[in-house]
>>> print(open('upload10.txt').read())   # compact mmCIF, N, CA and C atoms
# COMPACT_ATOMS: atom_id res chain seq x y z
N MET A 118 58.05 43.22 36.24
CA MET A 118 59.44 42.88 36.16
C MET A 118 59.71 42.11 34.88
N PHE A 119 58.88 41.14 34.53
CA PHE A 119 59.07 40.35 33.33
C PHE A 119 58.05 40.78 32.29
N ALA A 120 58.42 40.69 31.03
CA ALA A 120 57.50 41.01 29.96
C ALA A 120 56.33 40.05 30.01
N THR A 121 55.12 40.57 29.86
CA THR A 121 53.93 39.75 30.02
C THR A 121 53.26 39.38 28.71
N SER A 122 53.82 39.79 27.60
CA SER A 122 53.23 39.48 26.31
C SER A 122 53.45 38.01 25.95
N ASN A 123 52.44 37.39 25.36
CA ASN A 123 52.56 36.00 24.93
C ASN A 123 53.28 35.89 23.58
N VAL A 124 53.44 37.00 22.87
CA VAL A 124 54.11 37.01 21.58
C VAL A 124 55.60 37.22 21.83
N ILE A 125 56.44 36.37 21.25
CA ILE A 125 57.88 36.47 21.43
C ILE A 125 58.46 37.30 20.29
N ASP A 126 59.18 38.35 20.64
CA ASP A 126 59.85 39.19 19.66
C ASP A 126 61.22 38.56 19.38
N ILE A 127 61.36 37.93 18.22
CA ILE A 127 62.57 37.18 17.89
C ILE A 127 63.80 38.08 17.84
N SER A 128 63.62 39.35 17.49
CA SER A 128 64.77 40.24 17.36
C SER A 128 65.42 40.53 18.71
N HIS A 129 64.73 40.31 19.83
CA HIS A 129 65.28 40.61 21.15
C HIS A 129 65.59 39.36 21.95
N LEU A 130 65.62 38.19 21.30
CA LEU A 130 65.94 36.96 22.03
C LEU A 130 67.38 37.00 22.51
N PHE A 131 67.59 36.45 23.69
CA PHE A 131 68.93 36.38 24.27
C PHE A 131 69.68 35.23 23.63
N ASP A 132 70.89 35.49 23.15
CA ASP A 132 71.64 34.49 22.38
C ASP A 132 72.14 33.33 23.23
N ASP A 133 72.66 33.60 24.43
CA ASP A 133 73.29 32.58 25.25
C ASP A 133 72.29 32.05 26.28
N THR A 134 71.46 31.10 25.86
CA THR A 134 70.43 30.57 26.78
C THR A 134 71.05 29.77 27.91
N SER A 135 72.25 29.21 27.71
CA SER A 135 72.89 28.46 28.80
C SER A 135 73.24 29.38 29.96
N LEU A 136 73.66 30.61 29.69
CA LEU A 136 73.93 31.57 30.76
C LEU A 136 72.66 31.87 31.54
N TYR A 137 71.55 32.04 30.82
CA TYR A 137 70.27 32.29 31.48
C TYR A 137 69.89 31.11 32.36
N ARG A 138 70.07 29.89 31.88
CA ARG A 138 69.70 28.70 32.65
C ARG A 138 70.59 28.53 33.88
N ILE A 139 71.87 28.80 33.74
CA ILE A 139 72.79 28.70 34.89
C ILE A 139 72.40 29.72 35.95
N THR A 140 72.13 30.94 35.51
CA THR A 140 71.73 31.99 36.45
C THR A 140 70.42 31.63 37.12
N PHE A 141 69.49 31.06 36.36
CA PHE A 141 68.23 30.62 36.94
C PHE A 141 68.46 29.54 37.99
N GLY A 142 69.40 28.62 37.75
CA GLY A 142 69.71 27.58 38.72
C GLY A 142 70.19 28.15 40.04
N VAL A 143 70.99 29.20 39.98
CA VAL A 143 71.45 29.88 41.20
C VAL A 143 70.27 30.47 41.94
N LEU A 144 69.38 31.11 41.21
CA LEU A 144 68.20 31.71 41.84
C LEU A 144 67.28 30.65 42.44
N GLN A 145 67.12 29.54 41.74
CA GLN A 145 66.27 28.48 42.26
C GLN A 145 66.83 27.94 43.58
N TYR A 146 68.14 27.79 43.67
CA TYR A 146 68.78 27.34 44.90
C TYR A 146 68.57 28.36 46.02
N ALA A 147 68.61 29.65 45.69
CA ALA A 147 68.45 30.70 46.70
C ALA A 147 67.04 30.75 47.28
N THR A 148 66.05 30.24 46.56
CA THR A 148 64.68 30.29 47.08
C THR A 148 64.47 29.40 48.29
N VAL A 149 65.41 28.49 48.57
CA VAL A 149 65.28 27.61 49.72
C VAL A 149 65.26 28.43 51.01
N THR A 150 66.10 29.45 51.09
CA THR A 150 66.14 30.28 52.31
C THR A 150 65.62 31.69 52.08
N ARG A 151 65.36 32.07 50.87
CA ARG A 151 64.87 33.41 50.56
C ARG A 151 63.52 33.31 49.87
N LEU A 152 62.48 33.09 50.66
CA LEU A 152 61.15 32.83 50.13
C LEU A 152 60.58 34.00 49.34
N GLY A 153 61.02 35.21 49.65
CA GLY A 153 60.47 36.40 49.02
C GLY A 153 60.75 36.51 47.54
N ILE A 154 61.71 35.77 47.04
CA ILE A 154 62.02 35.86 45.61
C ILE A 154 61.37 34.76 44.80
N SER A 155 60.62 33.87 45.44
CA SER A 155 60.08 32.71 44.73
C SER A 155 59.14 33.09 43.59
N SER A 156 58.35 34.11 43.77
CA SER A 156 57.43 34.51 42.70
C SER A 156 58.19 35.03 41.49
N SER A 157 59.20 35.85 41.73
CA SER A 157 60.00 36.38 40.62
C SER A 157 60.79 35.27 39.93
N VAL A 158 61.30 34.32 40.71
CA VAL A 158 62.04 33.20 40.13
C VAL A 158 61.09 32.33 39.30
N ASN A 159 59.86 32.19 39.75
CA ASN A 159 58.86 31.45 38.97
C ASN A 159 58.64 32.12 37.62
N LYS A 160 58.54 33.45 37.62
CA LYS A 160 58.37 34.17 36.35
C LYS A 160 59.59 33.96 35.45
N ALA A 161 60.78 33.92 36.04
CA ALA A 161 62.00 33.67 35.26
C ALA A 161 61.94 32.28 34.63
N TYR A 162 61.43 31.31 35.38
CA TYR A 162 61.32 29.95 34.87
C TYR A 162 60.38 29.89 33.66
N GLN A 163 59.31 30.67 33.70
CA GLN A 163 58.35 30.67 32.59
C GLN A 163 58.98 31.18 31.31
N LYS A 164 60.08 31.91 31.41
CA LYS A 164 60.77 32.44 30.24
C LYS A 164 61.94 31.58 29.80
N MET A 165 62.10 30.40 30.40
CA MET A 165 63.26 29.56 30.17
C MET A 165 63.40 29.13 28.70
N LYS A 166 62.31 28.89 28.03
CA LYS A 166 62.37 28.35 26.67
C LYS A 166 62.97 29.35 25.68
N ALA A 167 62.56 30.60 25.79
CA ALA A 167 63.05 31.62 24.86
C ALA A 167 63.24 32.94 25.60
N PRO A 168 64.32 33.05 26.41
CA PRO A 168 64.53 34.29 27.17
C PRO A 168 64.95 35.44 26.26
N THR A 169 64.52 36.63 26.63
CA THR A 169 64.89 37.83 25.89
C THR A 169 65.92 38.61 26.71
N GLU A 170 66.43 39.66 26.11
CA GLU A 170 67.38 40.53 26.82
C GLU A 170 66.71 41.14 28.05
N ASP A 171 65.43 41.49 27.93
CA ASP A 171 64.70 42.06 29.07
C ASP A 171 64.55 41.05 30.20
N ASP A 172 64.36 39.78 29.85
CA ASP A 172 64.25 38.74 30.87
C ASP A 172 65.57 38.58 31.63
N LEU A 173 66.69 38.64 30.90
CA LEU A 173 67.99 38.56 31.56
C LEU A 173 68.21 39.76 32.47
N THR A 174 67.76 40.92 32.04
CA THR A 174 67.87 42.12 32.88
C THR A 174 67.06 41.94 34.17
N ALA A 175 65.89 41.34 34.07
CA ALA A 175 65.06 41.10 35.26
C ALA A 175 65.74 40.10 36.19
N VAL A 176 66.36 39.06 35.65
CA VAL A 176 67.07 38.08 36.47
C VAL A 176 68.24 38.75 37.18
N LYS A 177 68.95 39.61 36.47
CA LYS A 177 70.07 40.34 37.09
C LYS A 177 69.57 41.25 38.22
N ARG A 178 68.37 41.79 38.05
CA ARG A 178 67.78 42.64 39.10
C ARG A 178 67.53 41.82 40.37
N ILE A 179 67.08 40.58 40.21
CA ILE A 179 66.88 39.70 41.37
C ILE A 179 68.22 39.43 42.05
N LEU A 180 69.26 39.19 41.26
CA LEU A 180 70.59 38.95 41.83
C LEU A 180 71.11 40.17 42.59
N ARG A 181 70.86 41.36 42.06
CA ARG A 181 71.26 42.59 42.77
C ARG A 181 70.50 42.74 44.08
N TYR A 182 69.22 42.38 44.05
CA TYR A 182 68.43 42.42 45.29
C TYR A 182 69.04 41.48 46.33
N LEU A 183 69.40 40.28 45.91
CA LEU A 183 70.00 39.31 46.83
C LEU A 183 71.32 39.81 47.40
N SER A 184 72.14 40.41 46.56
CA SER A 184 73.43 40.89 47.05
C SER A 184 73.27 42.06 48.01
N GLY A 185 72.19 42.82 47.88
CA GLY A 185 71.95 43.94 48.79
C GLY A 185 71.26 43.55 50.09
N THR A 186 70.78 42.31 50.17
CA THR A 186 70.05 41.86 51.36
C THR A 186 70.64 40.55 51.88
N LEU A 187 71.96 40.47 51.96
CA LEU A 187 72.63 39.24 52.36
C LEU A 187 72.28 38.81 53.79
N GLY A 188 71.94 39.75 54.65
CA GLY A 188 71.63 39.42 56.04
C GLY A 188 70.23 38.88 56.25
N TYR A 189 69.42 38.86 55.21
CA TYR A 189 68.06 38.37 55.32
C TYR A 189 68.01 36.88 55.05
N GLY A 190 66.93 36.23 55.45
CA GLY A 190 66.75 34.82 55.17
C GLY A 190 66.11 34.11 56.35
N LEU A 191 65.92 32.83 56.22
CA LEU A 191 65.32 32.04 57.29
C LEU A 191 66.31 31.84 58.43
N GLN A 192 65.79 31.93 59.62
CA GLN A 192 66.60 31.66 60.80
C GLN A 192 65.86 30.64 61.64
N PHE A 193 66.60 29.71 62.20
CA PHE A 193 66.00 28.69 63.04
C PHE A 193 66.44 28.91 64.48
N ARG A 194 65.46 28.88 65.39
CA ARG A 194 65.73 29.12 66.81
C ARG A 194 65.25 27.93 67.63
N ARG A 195 65.83 27.81 68.80
CA ARG A 195 65.39 26.77 69.72
C ARG A 195 63.95 27.07 70.13
N ALA A 196 63.13 26.07 70.06
CA ALA A 196 61.71 26.24 70.36
C ALA A 196 61.46 26.19 71.87
N THR A 197 60.73 27.20 72.37
CA THR A 197 60.33 27.18 73.77
C THR A 197 58.96 26.51 73.92
N SER A 198 58.17 26.56 72.86
CA SER A 198 56.89 25.87 72.85
C SER A 198 56.74 25.17 71.51
N LEU A 199 56.10 24.04 71.54
CA LEU A 199 55.97 23.25 70.31
C LEU A 199 54.54 23.30 69.78
N HIS A 200 54.11 24.49 69.44
CA HIS A 200 52.78 24.68 68.88
C HIS A 200 52.87 24.65 67.36
N LEU A 201 51.92 23.97 66.75
CA LEU A 201 51.82 23.97 65.30
C LEU A 201 50.89 25.10 64.89
N GLN A 202 51.37 25.98 64.03
CA GLN A 202 50.58 27.12 63.57
C GLN A 202 50.51 27.08 62.05
N ALA A 203 49.40 27.53 61.50
CA ALA A 203 49.24 27.59 60.05
C ALA A 203 48.59 28.91 59.68
N TYR A 204 49.06 29.50 58.61
CA TYR A 204 48.51 30.75 58.10
C TYR A 204 48.26 30.61 56.61
N SER A 205 47.25 31.31 56.12
CA SER A 205 46.98 31.30 54.69
C SER A 205 46.59 32.70 54.24
N ASP A 206 46.75 32.93 52.96
CA ASP A 206 46.34 34.21 52.39
C ASP A 206 46.11 33.99 50.90
N ALA A 207 45.32 34.87 50.31
CA ALA A 207 45.05 34.80 48.88
C ALA A 207 44.79 36.20 48.37
N ASP A 208 45.19 36.43 47.14
CA ASP A 208 44.81 37.69 46.50
C ASP A 208 43.69 37.40 45.52
N TRP A 209 43.02 38.43 45.10
CA TRP A 209 41.88 38.27 44.21
C TRP A 209 42.30 38.70 42.82
N THR A 210 42.31 37.76 41.88
CA THR A 210 42.71 37.98 40.50
C THR A 210 44.02 38.76 40.41
N GLY A 211 45.03 38.28 41.09
CA GLY A 211 46.31 38.96 41.14
C GLY A 211 47.04 39.01 39.81
N ASP A 212 46.85 38.00 38.96
CA ASP A 212 47.47 38.00 37.65
C ASP A 212 46.46 38.56 36.66
N TYR A 213 46.76 39.72 36.13
CA TYR A 213 45.78 40.38 35.28
C TYR A 213 45.65 39.72 33.90
N LEU A 214 46.57 38.81 33.57
CA LEU A 214 46.46 38.15 32.27
C LEU A 214 45.44 37.01 32.29
N ASP A 215 45.50 36.16 33.31
CA ASP A 215 44.56 35.03 33.33
C ASP A 215 43.50 35.18 34.42
N LYS A 216 43.53 36.25 35.18
CA LYS A 216 42.52 36.57 36.21
C LYS A 216 42.42 35.50 37.29
N ARG A 217 43.51 34.77 37.52
CA ARG A 217 43.51 33.75 38.56
C ARG A 217 44.15 34.29 39.82
N SER A 218 43.69 33.80 40.92
CA SER A 218 44.18 34.23 42.22
C SER A 218 45.39 33.40 42.62
N THR A 219 46.27 34.02 43.41
CA THR A 219 47.41 33.31 43.98
C THR A 219 47.14 33.14 45.47
N SER A 220 47.32 31.93 45.95
CA SER A 220 47.14 31.69 47.38
C SER A 220 48.39 31.04 47.93
N GLY A 221 48.56 31.16 49.22
CA GLY A 221 49.73 30.58 49.85
C GLY A 221 49.43 30.16 51.27
N MET A 222 50.31 29.30 51.80
CA MET A 222 50.16 28.87 53.18
C MET A 222 51.53 28.68 53.79
N VAL A 223 51.57 28.86 55.11
CA VAL A 223 52.80 28.75 55.87
C VAL A 223 52.51 27.91 57.10
N PHE A 224 53.43 26.99 57.43
CA PHE A 224 53.30 26.17 58.62
C PHE A 224 54.51 26.40 59.52
N LEU A 225 54.23 26.69 60.79
CA LEU A 225 55.28 26.92 61.77
C LEU A 225 55.18 25.88 62.87
N PHE A 226 56.32 25.37 63.30
CA PHE A 226 56.39 24.49 64.46
C PHE A 226 57.23 25.23 65.49
N GLY A 227 56.55 25.75 66.50
CA GLY A 227 57.22 26.68 67.41
C GLY A 227 57.50 27.95 66.61
N PRO A 228 58.69 28.51 66.71
CA PRO A 228 58.99 29.73 65.95
C PRO A 228 59.57 29.45 64.57
N ASN A 229 59.70 28.19 64.19
CA ASN A 229 60.42 27.83 62.97
C ASN A 229 59.49 27.42 61.83
N LEU A 230 59.79 27.92 60.67
CA LEU A 230 59.06 27.56 59.46
C LEU A 230 59.42 26.13 59.07
N ILE A 231 58.40 25.29 58.89
CA ILE A 231 58.67 23.91 58.50
C ILE A 231 58.15 23.59 57.11
N SER A 232 57.18 24.36 56.63
CA SER A 232 56.64 24.09 55.30
C SER A 232 55.92 25.33 54.79
N TRP A 233 55.94 25.52 53.51
CA TRP A 233 55.20 26.62 52.90
C TRP A 233 54.94 26.27 51.45
N CYS A 234 53.93 26.88 50.88
CA CYS A 234 53.70 26.74 49.45
C CYS A 234 52.88 27.92 48.96
N SER A 235 52.97 28.15 47.69
CA SER A 235 52.27 29.24 47.06
C SER A 235 51.98 28.83 45.63
N GLY A 236 50.84 29.24 45.11
CA GLY A 236 50.52 28.91 43.73
C GLY A 236 49.20 29.52 43.30
N LYS A 237 48.97 29.44 42.01
CA LYS A 237 47.72 29.95 41.46
C LYS A 237 46.61 28.96 41.75
N GLN A 238 45.43 29.49 42.06
CA GLN A 238 44.29 28.62 42.28
C GLN A 238 43.75 28.15 40.93
N ASN A 239 43.15 26.97 40.93
CA ASN A 239 42.70 26.36 39.68
C ASN A 239 41.43 26.97 39.12
N THR A 240 40.67 27.64 39.95
CA THR A 240 39.39 28.16 39.50
C THR A 240 39.38 29.68 39.57
N THR A 241 38.46 30.27 38.81
CA THR A 241 38.25 31.71 38.86
C THR A 241 36.94 31.96 39.59
N LEU A 242 37.00 32.73 40.67
CA LEU A 242 35.82 33.00 41.49
C LEU A 242 35.43 34.46 41.37
N ARG A 243 34.24 34.79 41.83
CA ARG A 243 33.73 36.15 41.68
C ARG A 243 33.96 37.04 42.88
N SER A 244 34.41 36.48 43.97
CA SER A 244 34.53 37.25 45.20
C SER A 244 35.88 36.99 45.86
N SER A 245 36.44 38.06 46.45
CA SER A 245 37.71 37.89 47.16
C SER A 245 37.53 37.03 48.41
N ASN A 246 36.34 37.08 49.02
CA ASN A 246 36.08 36.23 50.19
C ASN A 246 36.13 34.75 49.82
N LYS A 247 35.64 34.41 48.66
CA LYS A 247 35.67 33.02 48.23
C LYS A 247 37.10 32.54 48.03
N TYR A 248 37.99 33.42 47.55
CA TYR A 248 39.40 33.06 47.43
C TYR A 248 40.02 32.81 48.79
N GLU A 249 39.67 33.66 49.76
CA GLU A 249 40.21 33.48 51.11
C GLU A 249 39.71 32.17 51.72
N TYR A 250 38.44 31.86 51.52
CA TYR A 250 37.90 30.60 52.03
C TYR A 250 38.56 29.40 51.34
N ARG A 251 38.80 29.51 50.05
CA ARG A 251 39.46 28.42 49.32
C ARG A 251 40.88 28.22 49.86
N ALA A 252 41.59 29.32 50.14
CA ALA A 252 42.95 29.21 50.71
C ALA A 252 42.90 28.58 52.09
N LEU A 253 41.92 28.96 52.91
CA LEU A 253 41.76 28.37 54.23
C LEU A 253 41.43 26.89 54.14
N GLU A 254 40.59 26.52 53.18
CA GLU A 254 40.26 25.12 52.95
C GLU A 254 41.52 24.31 52.61
N ASN A 255 42.39 24.89 51.79
CA ASN A 255 43.64 24.21 51.43
C ASN A 255 44.56 24.02 52.64
N VAL A 256 44.61 25.02 53.51
CA VAL A 256 45.45 24.91 54.73
C VAL A 256 44.92 23.80 55.64
N ILE A 257 43.62 23.77 55.83
CA ILE A 257 43.03 22.74 56.71
C ILE A 257 43.27 21.37 56.12
N SER A 258 43.13 21.24 54.81
CA SER A 258 43.38 19.96 54.16
C SER A 258 44.83 19.52 54.34
N GLU A 259 45.77 20.44 54.21
CA GLU A 259 47.19 20.12 54.41
C GLU A 259 47.47 19.72 55.85
N LEU A 260 46.85 20.42 56.80
CA LEU A 260 47.06 20.09 58.21
C LEU A 260 46.57 18.70 58.55
N LEU A 261 45.41 18.37 57.99
CA LEU A 261 44.85 17.04 58.29
C LEU A 261 45.67 15.95 57.63
>>> encode(input="upload10.txt", output="structure tokens")
Amino acid sequence: MFATSNVIDISHLFDDTSLYRITFGVLQYATVTRLGISSSVNKAYQKMKAPTEDDLTAVKRILRYLSGTLGYGLQFRRATSLHLQAYSDADWTGDYLDKRSTSGMVFLFGPNLISWCSGKQNTTLRSSNKYEYRALENVISELL
């Protein structure tokens, strides 16, 4: 979705960076209830310093996705049971540029989401199982 080159092509820089920043602010606010766009919004943030026309096109694509899925989002329901649940997952070298894995965790209290996080792991490992164990270790640490 976003250009992955570390070299900035000056000829394609977006002139109105304030428009890009305002649009990014709207997207950042939307991530509170629309968790599925957080990764794309993170990529948009990484382009904040020098956005290109392609970056603005990608941000507009996220906005079109949001307008087409207005009925989606977090819903809170009355809890019939108050069980604390935690889930974790990790991919193996999901970012092909730096070969780092992304892991995430979700915490539920009854049927309701109370906390979540996602991010790149600090180390590079040789096995996908080790990434999964590292993600599980992070969930247990957060629970404790």
>>> residues_around(input="upload10.txt", residues="A:Pro228", least_positions_apart="3", cutoff="8 Å", atoms="all atoms listed in the file", output="VMD selection string")
chain A and resid 192 to 200 224 to 225 231
>>> atom_distance(input="upload10.txt", atom1="atom CA of A:Thr169", atom2="atom CA of A:Leu187")
27.6 Å
>>> atom_distance(input="upload10.txt", atom1="atom CA of A:Glu254", atom2="atom CA of A:Ala147")
29.4 Å
>>> closest_residue(input="upload10.txt", among="A:Val158, A:Thr219, A:Tyr248, A:Asp133", to="A:Ser235", atoms="all atoms listed in the file")
A:Thr219
>>> select_by_dssp(input="upload10.txt", residues="chain A", states="alpha helix (DSSP H)", output="MDAnalysis selection string")
chainID A and resid 134:147 155:163 170:185 245:260
>>> atom_distance(input="upload10.txt", atom1="atom N of A:Ala203", atom2="atom N of A:Phe226")
7.5 Å
>>> axis_aligned_box(input="upload10.txt", around="stretch 222-228 of chain A", padding_each_side="8 Å", output="JSON")
{"center_x": 54.9, "center_y": 27.1, "center_z": 59.6, "size_x": 25.4, "size_y": 21.2, "size_z": 31.6}
>>> closest_residue(input="upload10.txt", among="A:Leu144, A:Leu201, A:Leu261, A:Val149", to="A:Ala175", atoms="only C-alpha atoms")
A:Leu144
>>> residues_around(input="upload10.txt", residues="A:Leu173", least_positions_apart="6", cutoff="8 Å", atoms="all atoms listed in the file", output="count of residues only")
3
